[in-house]
>>> print(open('target.tsv').read())   # TSV, C-alpha atoms
chain	number	residue	atom	x	y	z
A	1	MET	CA	-29.50	-24.05	25.36
A	2	PRO	CA	-32.49	-24.51	22.98
A	3	GLU	CA	-31.61	-25.76	19.51
A	4	ASP	CA	-32.49	-22.39	17.96
A	5	ARG	CA	-30.54	-20.42	20.57
A	6	PHE	CA	-27.04	-19.38	19.58
A	7	GLU	CA	-24.90	-17.03	21.66
A	8	ILE	CA	-21.49	-15.36	21.35
A	9	GLY	CA	-20.76	-13.65	24.63
A	10	ALA	CA	-23.55	-11.17	25.31
A	11	TYR	CA	-24.86	-11.42	21.73
A	12	TYR	CA	-27.41	-13.97	20.56
A	13	LEU	CA	-29.72	-14.81	17.67
A	14	SER	CA	-33.41	-13.97	17.79
A	15	GLN	CA	-36.40	-13.70	15.47
A	16	HIS	CA	-39.37	-11.41	15.59
A	17	LYS	CA	-42.65	-13.26	15.78
A	18	ASN	CA	-43.76	-11.68	12.50
A	19	SER	CA	-40.50	-12.21	10.58
A	20	PRO	CA	-38.34	-15.28	9.84
A	21	VAL	CA	-35.20	-13.12	9.44
A	22	TRP	CA	-32.60	-13.68	12.13
A	23	LYS	CA	-31.32	-10.73	14.16
A	24	ALA	CA	-28.23	-10.04	16.23
A	25	THR	CA	-29.57	-9.23	19.70
A	26	TRP	CA	-27.95	-7.88	22.85
A	27	TYR	CA	-28.73	-5.86	25.95
A	28	ASP	CA	-27.31	-2.33	25.95
A	29	ALA	CA	-26.60	-1.45	29.56
A	30	HIS	CA	-26.12	2.25	28.72
A	31	SER	CA	-29.60	2.71	27.25
A	32	ARG	CA	-31.08	-0.13	29.30
A	33	GLN	CA	-32.68	-1.52	26.17
A	34	THR	CA	-32.47	-4.74	24.21
A	35	LYS	CA	-31.16	-3.93	20.75
A	36	ARG	CA	-31.50	-5.88	17.52
A	37	VAL	CA	-29.88	-5.68	14.09
A	38	SER	CA	-31.10	-7.71	11.12
A	39	LEU	CA	-28.58	-10.19	9.74
A	40	GLY	CA	-30.45	-10.50	6.46
A	41	THR	CA	-30.89	-14.27	6.42
A	42	GLU	CA	-33.58	-16.79	7.34
A	43	ASP	CA	-31.16	-19.71	7.45
A	44	PHE	CA	-30.05	-20.60	10.97
A	45	GLN	CA	-26.56	-21.78	9.97
A	46	ASP	CA	-25.94	-18.69	7.87
A	47	ALA	CA	-27.17	-16.58	10.76
A	48	LYS	CA	-24.55	-18.14	13.06
A	49	VAL	CA	-21.77	-17.08	10.69
A	50	ALA	CA	-23.30	-13.61	10.26
A	51	LEU	CA	-23.53	-13.17	14.04
A	52	ALA	CA	-19.86	-14.12	14.42
A	53	GLU	CA	-18.89	-11.53	11.83
A	54	PHE	CA	-21.11	-8.91	13.44
A	55	VAL	CA	-19.62	-9.49	16.88
A	56	THR	CA	-16.09	-9.46	15.50
A	57	LYS	CA	-16.51	-6.17	13.66
A	58	GLN	CA	-19.05	-4.25	15.74
A	59	ALA	CA	-18.94	-5.44	19.33
A	60	THR	CA	-17.19	-3.49	22.06
A	61	PHE	CA	-14.46	-5.46	23.80
A	62	LYS	CA	-13.10	-4.37	27.15
A	63	ASP	CA	-10.47	-5.95	29.39
A	64	HIS	CA	-10.75	-9.46	28.00
A	65	ALA	CA	-8.34	-12.02	29.40
A	66	PRO	CA	-5.93	-13.32	26.71
A	67	ALA	CA	-7.50	-16.78	26.96
A	68	ASP	CA	-10.92	-15.33	26.14
A	69	MET	CA	-9.87	-13.34	23.06
A	70	PRO	CA	-9.65	-15.30	19.77
A	71	LEU	CA	-6.76	-14.27	17.56
A	72	ALA	CA	-9.05	-14.33	14.52
A	73	THR	CA	-11.18	-11.63	16.17
A	74	ILE	CA	-8.14	-9.44	16.76
A	75	PHE	CA	-6.98	-9.86	13.16
A	76	VAL	CA	-10.35	-8.94	11.63
A	77	ARG	CA	-10.73	-5.91	13.87
A	78	TYR	CA	-7.19	-4.77	13.05
A	79	TRP	CA	-7.94	-5.11	9.32
A	80	GLU	CA	-11.17	-3.15	9.58
A	81	ALA	CA	-9.74	-0.36	11.73
A	82	HIS	CA	-6.28	-0.01	10.24
A	83	GLY	CA	-4.90	-2.68	7.91
A	84	LYS	CA	-7.16	-2.06	4.92
A	85	ASN	CA	-6.15	1.62	4.86
A	86	LEU	CA	-2.41	0.97	4.69
A	87	PRO	CA	-0.46	1.54	1.47
A	88	SER	CA	0.86	-1.98	2.09
A	89	ARG	CA	-2.65	-3.39	2.66
A	90	GLU	CA	-2.12	-6.23	0.20
A	91	ALA	CA	0.95	-7.42	2.10
A	92	ALA	CA	-0.88	-7.00	5.41
A	93	GLN	CA	-3.77	-9.09	4.14
A	94	TYR	CA	-1.45	-11.92	3.13
A	95	ALA	CA	0.33	-11.76	6.48
A	96	LEU	CA	-2.93	-11.91	8.41
A	97	GLY	CA	-3.90	-14.84	6.22
A	98	TYR	CA	-0.86	-16.81	7.35
A	99	TRP	CA	-1.51	-15.97	10.98
A	100	ASN	CA	-5.13	-17.07	10.67
A	101	GLU	CA	-4.25	-20.23	8.75
A	102	PHE	CA	-1.73	-21.40	11.34
A	103	TRP	CA	-3.43	-20.37	14.59
A	104	LYS	CA	-7.01	-21.18	13.53
A	105	GLU	CA	-9.23	-20.98	16.66
A	106	GLY	CA	-6.32	-20.10	18.91
A	107	SER	CA	-6.51	-17.33	21.49
A	108	VAL	CA	-4.00	-14.69	22.54
A	109	ALA	CA	-3.01	-16.95	25.41
A	110	ASP	CA	-1.77	-19.55	22.93
A	111	LEU	CA	1.08	-17.30	21.77
A	112	SER	CA	3.76	-19.03	23.78
A	113	ILE	CA	7.39	-18.79	22.62
A	114	PRO	CA	7.58	-22.51	21.68
A	115	ARG	CA	4.39	-22.17	19.63
A	116	GLN	CA	5.68	-19.02	17.94
A	117	LYS	CA	8.84	-20.90	16.97
A	118	GLU	CA	6.62	-23.53	15.35
A	119	PHE	CA	4.86	-20.74	13.45
A	120	ILE	CA	8.20	-19.37	12.24
A	121	ALA	CA	9.32	-22.85	11.16
A	122	TRP	CA	6.00	-23.32	9.34
A	123	LEU	CA	6.52	-20.09	7.40
A	124	SER	CA	10.15	-20.94	6.63
A	125	ALA	CA	9.07	-24.36	5.33
A	126	LYS	CA	7.00	-22.54	2.73
A	127	GLY	CA	10.26	-21.15	1.35
A	128	TYR	CA	9.98	-17.61	2.67
A	129	ALA	CA	13.09	-15.61	3.51
A	130	ASN	CA	13.72	-14.43	7.05
A	131	SER	CA	12.91	-10.86	6.00
A	132	TYR	CA	9.45	-11.92	4.79
A	133	VAL	CA	8.83	-14.00	7.92
A	134	SER	CA	9.83	-10.97	10.00
A	135	ARG	CA	7.34	-8.76	8.17
A	136	THR	CA	4.61	-11.35	8.69
A	137	LEU	CA	5.36	-11.46	12.40
A	138	SER	CA	5.28	-7.66	12.55
A	139	VAL	CA	1.72	-7.52	11.16
A	140	GLY	CA	0.44	-9.91	13.83
A	141	ARG	CA	2.37	-7.99	16.46
A	142	ALA	CA	0.76	-4.73	15.32
A	143	ALA	CA	-2.73	-6.25	15.50
A	144	ILE	CA	-2.18	-7.56	19.03
A	145	ASN	CA	-0.60	-4.28	20.18
A	146	MET	CA	-3.59	-2.34	18.84
A	147	ALA	CA	-6.00	-4.55	20.78
A	148	TRP	CA	-3.95	-4.00	23.94
A	149	LYS	CA	-3.69	-0.22	23.44
A	150	HIS	CA	-7.46	-0.02	22.95
A	151	GLY	CA	-8.03	-1.87	26.21
A	152	GLU	CA	-9.60	-4.88	24.52
A	153	ILE	CA	-7.19	-7.31	26.20
A	154	THR	CA	-5.65	-7.05	29.63
A	155	SER	CA	-2.15	-8.05	28.57
A	156	ARG	CA	-0.12	-8.71	25.45
A	157	PRO	CA	2.43	-11.45	24.86
A	158	PHE	CA	5.94	-10.95	23.52
A	159	ILE	CA	5.99	-11.58	19.76
A	160	MET	CA	9.26	-12.86	18.38
A	161	ASP	CA	11.23	-11.42	15.45
A	162	LEU	CA	13.99	-12.66	13.19
A	163	THR	CA	17.04	-10.42	13.35
A	164	ASP	CA	19.00	-12.45	10.78
A	165	ARG	CA	18.13	-10.88	7.41
A	166	SER	CA	21.16	-12.28	5.60
A	167	ASP	CA	18.93	-14.20	3.21
A	168	ALA	CA	17.06	-11.07	2.16
A	169	LYS	CA	16.92	-10.51	-1.57
A	170	GLU	CA	19.14	-7.74	-2.85
A	171	PRO	CA	17.22	-4.82	-4.43
A	172	TYR	CA	17.35	-4.95	-8.23
A	173	ARG	CA	19.20	-2.07	-9.87
A	174	LEU	CA	18.83	-1.44	-13.57
A	175	ASP	CA	21.89	-0.90	-15.71
A	176	LYS	CA	21.84	1.79	-18.39
A	177	THR	CA	20.80	-0.58	-21.18
A	178	GLU	CA	17.86	-1.84	-19.12
A	179	MET	CA	16.87	1.71	-18.19
A	180	LYS	CA	16.91	2.81	-21.84
A	181	THR	CA	14.72	-0.14	-22.75
A	182	LEU	CA	12.27	0.61	-19.93
A	183	LEU	CA	12.04	4.33	-20.69
A	184	THR	CA	11.43	3.65	-24.37
A	185	LYS	CA	8.77	1.00	-23.81
A	186	VAL	CA	6.87	2.70	-21.00
A	187	GLN	CA	6.00	5.63	-23.27
A	188	GLU	CA	3.29	3.39	-24.75
A	189	TRP	CA	1.37	3.83	-21.47
A	190	PRO	CA	1.20	7.59	-20.66
A	191	HIS	CA	0.12	7.20	-17.02
A	192	LEU	CA	2.89	4.70	-16.29
A	193	TYR	CA	5.33	6.83	-18.25
A	194	ALA	CA	4.51	9.78	-15.97
A	195	TYR	CA	5.02	7.56	-12.93
A	196	VAL	CA	8.45	6.32	-14.06
A	197	VAL	CA	9.74	9.80	-14.92
A	198	ILE	CA	8.60	11.21	-11.57
A	199	ALA	CA	10.06	8.23	-9.70
A	200	LEU	CA	13.48	8.53	-11.32
A	201	ASN	CA	13.67	12.28	-10.75
A	202	THR	CA	12.45	12.40	-7.15
A	203	LEU	CA	13.54	9.00	-5.73
A	204	ALA	CA	10.16	8.98	-3.97
A	205	ARG	CA	8.33	5.93	-2.74
A	206	PRO	CA	5.43	4.63	-4.89
A	207	ASP	CA	2.63	5.87	-2.63
A	208	ALA	CA	4.10	9.40	-2.54
A	209	ILE	CA	4.26	9.48	-6.35
A	210	LEU	CA	0.67	8.27	-6.74
A	211	ASP	CA	-0.46	10.99	-4.28
A	212	LEU	CA	1.44	13.77	-6.05
A	213	ALA	CA	-0.87	16.65	-7.02
A	214	PRO	CA	-0.24	20.08	-8.64
A	215	ALA	CA	-0.76	21.80	-5.26
A	216	GLN	CA	2.44	20.17	-4.01
A	217	VAL	CA	4.57	21.60	-6.80
A	218	ARG	CA	6.31	24.97	-6.40
A	219	LEU	CA	7.36	25.86	-9.93
A	220	ASP	CA	8.78	29.25	-8.93
A	221	ASP	CA	11.04	27.76	-6.28
A	222	ARG	CA	11.59	24.54	-8.24
A	223	HIS	CA	10.59	22.31	-5.31
A	224	ILE	CA	8.13	19.46	-4.71
A	225	HIS	CA	6.57	18.93	-1.29
A	226	LEU	CA	6.12	15.17	-1.40
A	227	ASN	CA	4.05	15.29	1.78
A	228	PRO	CA	0.73	16.96	0.91
A	229	LYS	CA	-0.69	19.60	3.19
A	230	GLY	CA	-2.69	18.11	6.03
A	231	ARG	CA	-1.02	14.69	5.88
A	232	LYS	CA	0.88	13.72	9.01
A	233	GLN	CA	4.45	12.63	8.40
A	234	THR	CA	5.16	8.97	9.21
A	235	LYS	CA	8.39	7.04	9.72
A	236	LYS	CA	8.47	6.80	5.91
A	237	TYR	CA	9.30	10.47	5.72
A	238	ARG	CA	8.24	12.39	2.61
A	239	PRO	CA	10.81	15.14	2.03
A	240	ILE	CA	10.92	18.30	-0.05
A	241	VAL	CA	12.86	17.58	-3.23
A	242	PRO	CA	14.13	19.81	-6.04
A	243	ILE	CA	12.59	19.80	-9.51
A	244	THR	CA	15.15	18.71	-12.06
A	245	ASP	CA	15.33	20.12	-15.58
A	246	THR	CA	14.29	16.70	-16.84
A	247	LEU	CA	11.15	16.59	-14.70
A	248	LEU	CA	10.07	20.22	-15.04
A	249	PRO	CA	8.15	19.83	-18.35
A	250	PHE	CA	6.10	16.99	-16.85
A	251	LEU	CA	4.79	19.14	-13.98
A	252	GLN	CA	3.20	22.02	-15.87
A	253	ARG	CA	-0.41	20.82	-15.78
A	254	LYS	CA	-2.72	22.30	-13.17
A	255	ASP	CA	-5.99	20.75	-14.36
A	256	VAL	CA	-5.43	17.26	-12.94
A	257	LYS	CA	-6.06	15.90	-9.45
A	258	ARG	CA	-2.98	13.70	-9.63
A	259	PHE	CA	-0.06	13.71	-12.05
A	260	VAL	CA	-0.34	9.93	-12.29
A	261	ASN	CA	-3.92	9.10	-13.12
A	262	TRP	CA	-6.03	6.77	-15.23
A	263	HIS	CA	-8.70	8.65	-17.21
A	264	GLY	CA	-8.56	11.41	-14.62
A	265	ALA	CA	-8.99	9.11	-11.64
A	266	PRO	CA	-6.27	8.51	-9.04
A	267	ILE	CA	-4.49	5.15	-9.14
A	268	ALA	CA	-4.44	3.13	-5.94
A	269	ASP	CA	-1.60	0.76	-6.80
A	270	ILE	CA	1.09	0.64	-9.47
A	271	LYS	CA	2.36	-2.93	-9.12
A	272	LYS	CA	0.26	-4.64	-11.79
A	273	GLY	CA	0.73	-1.94	-14.39
A	274	PHE	CA	4.45	-1.67	-13.76
A	275	LYS	CA	4.86	-5.44	-14.08
A	276	THR	CA	3.03	-5.24	-17.43
A	277	VAL	CA	5.57	-2.72	-18.73
A	278	VAL	CA	8.56	-4.69	-17.45
A	279	ARG	CA	7.37	-7.86	-19.15
A	280	ALA	CA	6.48	-6.04	-22.35
A	281	ALA	CA	10.01	-4.64	-22.40
A	282	GLY	CA	11.46	-8.13	-22.00
A	283	LEU	CA	13.15	-7.24	-18.72
A	284	SER	CA	13.61	-9.29	-15.55
A	285	ASP	CA	10.58	-9.97	-13.36
A	286	ASP	CA	12.79	-8.99	-10.42
A	287	ILE	CA	12.39	-5.34	-11.45
A	288	THR	CA	9.72	-3.63	-9.33
A	289	ALA	CA	8.58	-0.04	-8.87
A	290	TYR	CA	11.02	0.21	-5.94
A	291	SER	CA	13.89	-0.73	-8.28
A	292	LEU	CA	13.74	2.79	-9.73
A	293	ARG	CA	14.40	4.30	-6.31
A	294	HIS	CA	17.25	1.89	-5.57
A	295	THR	CA	18.81	2.43	-8.99
A	296	MET	CA	18.90	6.20	-8.66
A	297	ALA	CA	20.21	6.13	-5.08
A	298	VAL	CA	23.22	4.09	-6.20
A	299	GLU	CA	23.67	6.20	-9.32
A	300	LEU	CA	23.81	9.40	-7.27
A	301	ARG	CA	26.46	7.98	-4.97
A	302	LYS	CA	28.50	6.90	-7.99
A	303	ARG	CA	28.33	10.48	-9.25
A	304	GLY	CA	29.73	11.85	-6.00
A	305	VAL	CA	26.54	13.17	-4.42
A	306	PRO	CA	27.12	13.49	-0.65
A	307	ALA	CA	25.53	10.77	1.46
A	308	TRP	CA	23.47	13.31	3.40
A	309	GLU	CA	21.91	14.62	0.17
A	310	VAL	CA	21.01	11.12	-0.98
A	311	SER	CA	19.49	10.40	2.44
A	312	GLY	CA	17.54	13.65	2.21
A	313	LEU	CA	16.14	12.75	-1.21
A	314	LEU	CA	15.21	9.27	-0.03
A	315	GLY	CA	13.46	10.56	3.08
A	316	HIS	CA	15.74	8.47	5.30
A	317	ARG	CA	16.24	11.28	7.74
A	318	THR	CA	14.05	13.98	9.24
A	319	PRO	CA	15.44	17.51	8.72
A	320	GLY	CA	16.49	19.53	11.73
A	321	VAL	CA	15.25	23.01	12.59
A	322	THR	CA	17.90	24.71	10.43
A	323	GLU	CA	17.18	22.45	7.47
A	324	VAL	CA	13.49	23.37	7.50
A	325	TYR	CA	14.50	26.63	5.80
A	326	ALA	CA	17.11	25.06	3.54
A	327	GLU	CA	14.60	24.57	0.74
A	328	PHE	CA	14.72	28.31	0.07
A	329	SER	CA	18.42	28.14	-0.73
A	330	PRO	CA	19.27	28.18	-4.47
A	331	ASP	CA	21.64	25.24	-3.96
A	332	TYR	CA	19.15	23.08	-2.00
A	333	LEU	CA	20.10	19.44	-2.77
A	334	SER	CA	21.78	20.84	-5.89
A	335	LYS	CA	24.31	18.03	-6.19
A	336	GLY	CA	21.53	15.50	-6.36
A	337	ARG	CA	19.57	17.56	-8.87
A	338	GLU	CA	22.59	17.97	-11.14
A	339	ALA	CA	23.43	14.26	-10.90
A	340	ILE	CA	19.92	13.23	-11.90
A	341	ASP	CA	19.92	15.52	-14.94
A	342	GLY	CA	23.41	14.27	-15.80
A	343	TYR	CA	22.20	10.67	-15.65
A	344	PHE	CA	19.40	11.35	-18.13
A	345	GLY	CA	21.81	13.24	-20.35
A	346	ASP	CA	24.09	10.22	-20.45
A	347	LEU	CA	21.18	7.89	-21.23
A	348	GLY	CA	20.30	9.90	-24.31
A	349	VAL	CA	16.68	8.69	-24.35
A	350	SER	CA	14.08	11.01	-25.87
A	351	LEU	CA	11.42	11.88	-23.29
A	352	PRO	CA	8.51	13.59	-25.10
A	353	VAL	CA	5.97	15.18	-22.80
A	354	PRO	CA	2.49	13.67	-23.31
A	355	LYS	CA	-0.32	16.10	-24.04
A	356	GLY	CA	-2.55	14.18	-21.66
A	357	LEU	CA	-3.96	10.79	-21.06
A	358	CYS	CA	-5.88	9.46	-24.01
A	359	VAL	CA	-8.86	7.14	-23.95
A	360	SER	CA	-8.74	3.62	-25.25
A	361	VAL	CA	-9.10	3.36	-29.03
A	362	ALA	CA	-11.96	0.95	-28.41
A	363	CYS	CA	-13.93	3.86	-26.94
A	364	GLN	CA	-13.21	6.30	-29.78
A	365	SER	CA	-15.27	7.06	-32.84
A	366	PRO	CA	-13.49	6.52	-36.19
A	367	GLU	CA	-13.04	10.28	-36.54
A	368	LYS	CA	-11.45	10.59	-33.12
A	369	GLU	CA	-9.29	7.56	-33.72
A	370	LYS	CA	-7.97	9.04	-36.93
A	371	SER	CA	-7.22	12.43	-35.38
A	372	ALA	CA	-5.48	10.78	-32.47
A	373	GLU	CA	-2.87	9.23	-34.74
A	374	ALA	CA	-0.86	12.45	-34.65
A	375	ASP	CA	-1.06	12.58	-30.88
A	376	PHE	CA	1.39	11.16	-28.39
A	377	CYS	CA	-1.23	8.73	-27.16
A	378	ALA	CA	-1.54	7.14	-30.58
A	379	ILE	CA	1.58	5.08	-29.91
A	380	SER	CA	-0.41	3.08	-27.38
A	381	ARG	CA	-3.18	2.08	-29.80
A	382	GLY	CA	-4.22	-1.46	-29.09
A	383	ARG	CA	-1.79	-1.78	-26.20
A	384	MET	CA	-3.21	0.55	-23.52
A	385	VAL	CA	-3.26	-1.27	-20.25
A	386	GLY	CA	-5.05	0.16	-17.21
A	387	VAL	CA	-3.91	-0.12	-13.65
A	388	THR	CA	-6.50	-1.46	-11.28
A	389	GLY	CA	-6.08	-0.45	-7.68
A	390	ILE	CA	-6.25	-2.98	-4.89
A	391	GLU	CA	-9.77	-2.55	-3.60
A	392	PRO	CA	-10.13	-3.10	0.12
A	393	VAL	CA	-11.72	-6.47	0.82
A	394	THR	CA	-14.41	-6.66	3.46
A	395	PRO	CA	-12.96	-9.41	5.60
A	396	THR	CA	-14.91	-12.32	6.99
A	397	MET	CA	-13.59	-15.15	9.08
A	398	SER	CA	-12.56	-16.81	5.81
A	399	THR	CA	-11.16	-13.71	4.11
A	400	TYR	CA	-7.64	-14.40	5.21
A	401	SER	CA	-6.26	-17.20	3.12
A	402	SER	CA	-2.71	-17.62	2.00
A	403	ALA	CA	-3.70	-18.44	-1.55
>>> encode(input="target.tsv", output="structure tokens")
Amino acid sequence: MPEDRFEIGAYYLSQHKNSPVWKATWYDAHSRQTKRVSLGTEDFQDAKVALAEFVTKQATFKDHAPADMPLATIFVRYWEAHGKNLPSREAAQYALGYWNEFWKEGSVADLSIPRQKEFIAWLSAKGYANSYVSRTLSVGRAAINMAWKHGEITSRPFIMDLTDRSDAKEPYRLDKTEMKTLLTKVQEWPHLYAYVVIALNTLARPDAILDLAPAQVRLDDRHIHLNPKGRKQTKKYRPIVPITDTLLPFLQRKDVKRFVNWHGAPIADIKKGFKTVVRAAGLSDDITAYSLRHTMAVELRKRGVPAWEVSGLLGHRTPGVTEVYAEFSPDYLSKGREAIDGYFGDLGVSLPVPKGLCVSVACQSPEKEKSAEADFCAISRGRMVGVTGIEPVTPTMSTYSSA
């Protein structure tokens, strides 16, 4: 091969005689033409890397033998096609990072059981619980299964799992003192305040709360359809839940795209903002957004709510044909609704309804700042913290790192 000739499968580097810019080049059998795409660089070494990324993301793979398919290629393609769109994309990215770090240039054929056991031991040596190792394995398994289902590889290996989850961390549940402290402190951040109130009254998962829009709220029937119209239900079922008396005043607005928003824009992720509130309140770092859901589930059982109602609120079961019409009954999940309102009554925490999200004081004129002092948002002056969503990262061969 000439020194300036670099190939990856049917793809190779070329230059036009009138341009020093390197191009990805290949023969398209369907059109019977040689096609070229500029890689935007004149440097030969940079062009090699760019060609590898181009092939990984854009090339069509069909019936490759496991020994001929690099794992890194499968992981990048999985990220591009599916992983980066997941609500748990951050966790998926970390998991793919560990796979890539351990297997390096390995192929699908290298996934022998003894080698997988070494991978599991390597993850465990980093101090990760079996439950976390299991989730990491599941991401790699999903990527390989997708490649097989799409016909990119001719066979798929068995990917191990860890069934022993005894070392899994118990979900944190807030006691009443901690909950009072959280509810009082979070009012300094209106968008996070709205999130917490909705979470405690619906027991919904974080992504369902962040998606919640006025169109999903039936004020007349006092119900919330947590699954928006047009969205396909997944195994993380989004149920129809009743609107409690506590939550009702927070759902009156119709002029917002989402009930939880930052300056009118939807929020992609709540983790960073929620952690800010927890730390500001002086509470344990073990408290996460999911802790609200776990706390209320236990509280409802303590208050005698039937297990099937709690499961229905949590979305742990899919309703049968008869239950599809149950939402129209006046007593639909009534025990759960009454228990939630009773819990807030026992807490005795004042929950003023914000007039709307205010802008940062730094962006206000002196006149606006002065007039805002009488507003709910004035309590957050100098302490307003925004929530930045996790922006999808365009992966390269070096994107996946465990750092």
>>> atom_distance(input="target.tsv", atom1="CA of Met296 in chain A", atom2="CA of Arg238 in chain A")
16.7 Å
>>> closest_residue(input="target.tsv", among="A:Leu347, A:Tyr332, A:Glu188, A:Pro354", to="Pro249 in chain A", atoms="only C-alpha atoms")
A:Pro354
>>> closest_residue(input="target.tsv", among="A:Leu200, A:Ala194, A:Val310, A:Ile287", to="Glu170 in chain A", atoms="all atoms listed in the file")
A:Ile287
>>> closest_residue(input="target.tsv", among="A:Trp189, A:Asp255, A:Ala109, A:Ala121", to="Pro157 in chain A", atoms="all atoms listed in the file")
A:Ala109
>>> residues_around(input="target.tsv", residues="Leu39 in chain A", least_positions_apart="2", cutoff="12 Å", atoms="only C-alpha atoms", output="list of chain:residue names")
A:Tyr12, A:Leu13, A:Ser14, A:Gln15, A:Pro20, A:Val21, A:Trp22, A:Lys23, A:Ala24, A:Thr25, A:Arg36, A:Val37, A:Thr41, A:Glu42, A:Asp43, A:Phe44, A:Gln45, A:Asp46, A:Ala47, A:Lys48, A:Val49, A:Ala50, A:Leu51, A:Ala52, A:Glu53, A:Phe54, A:Val55
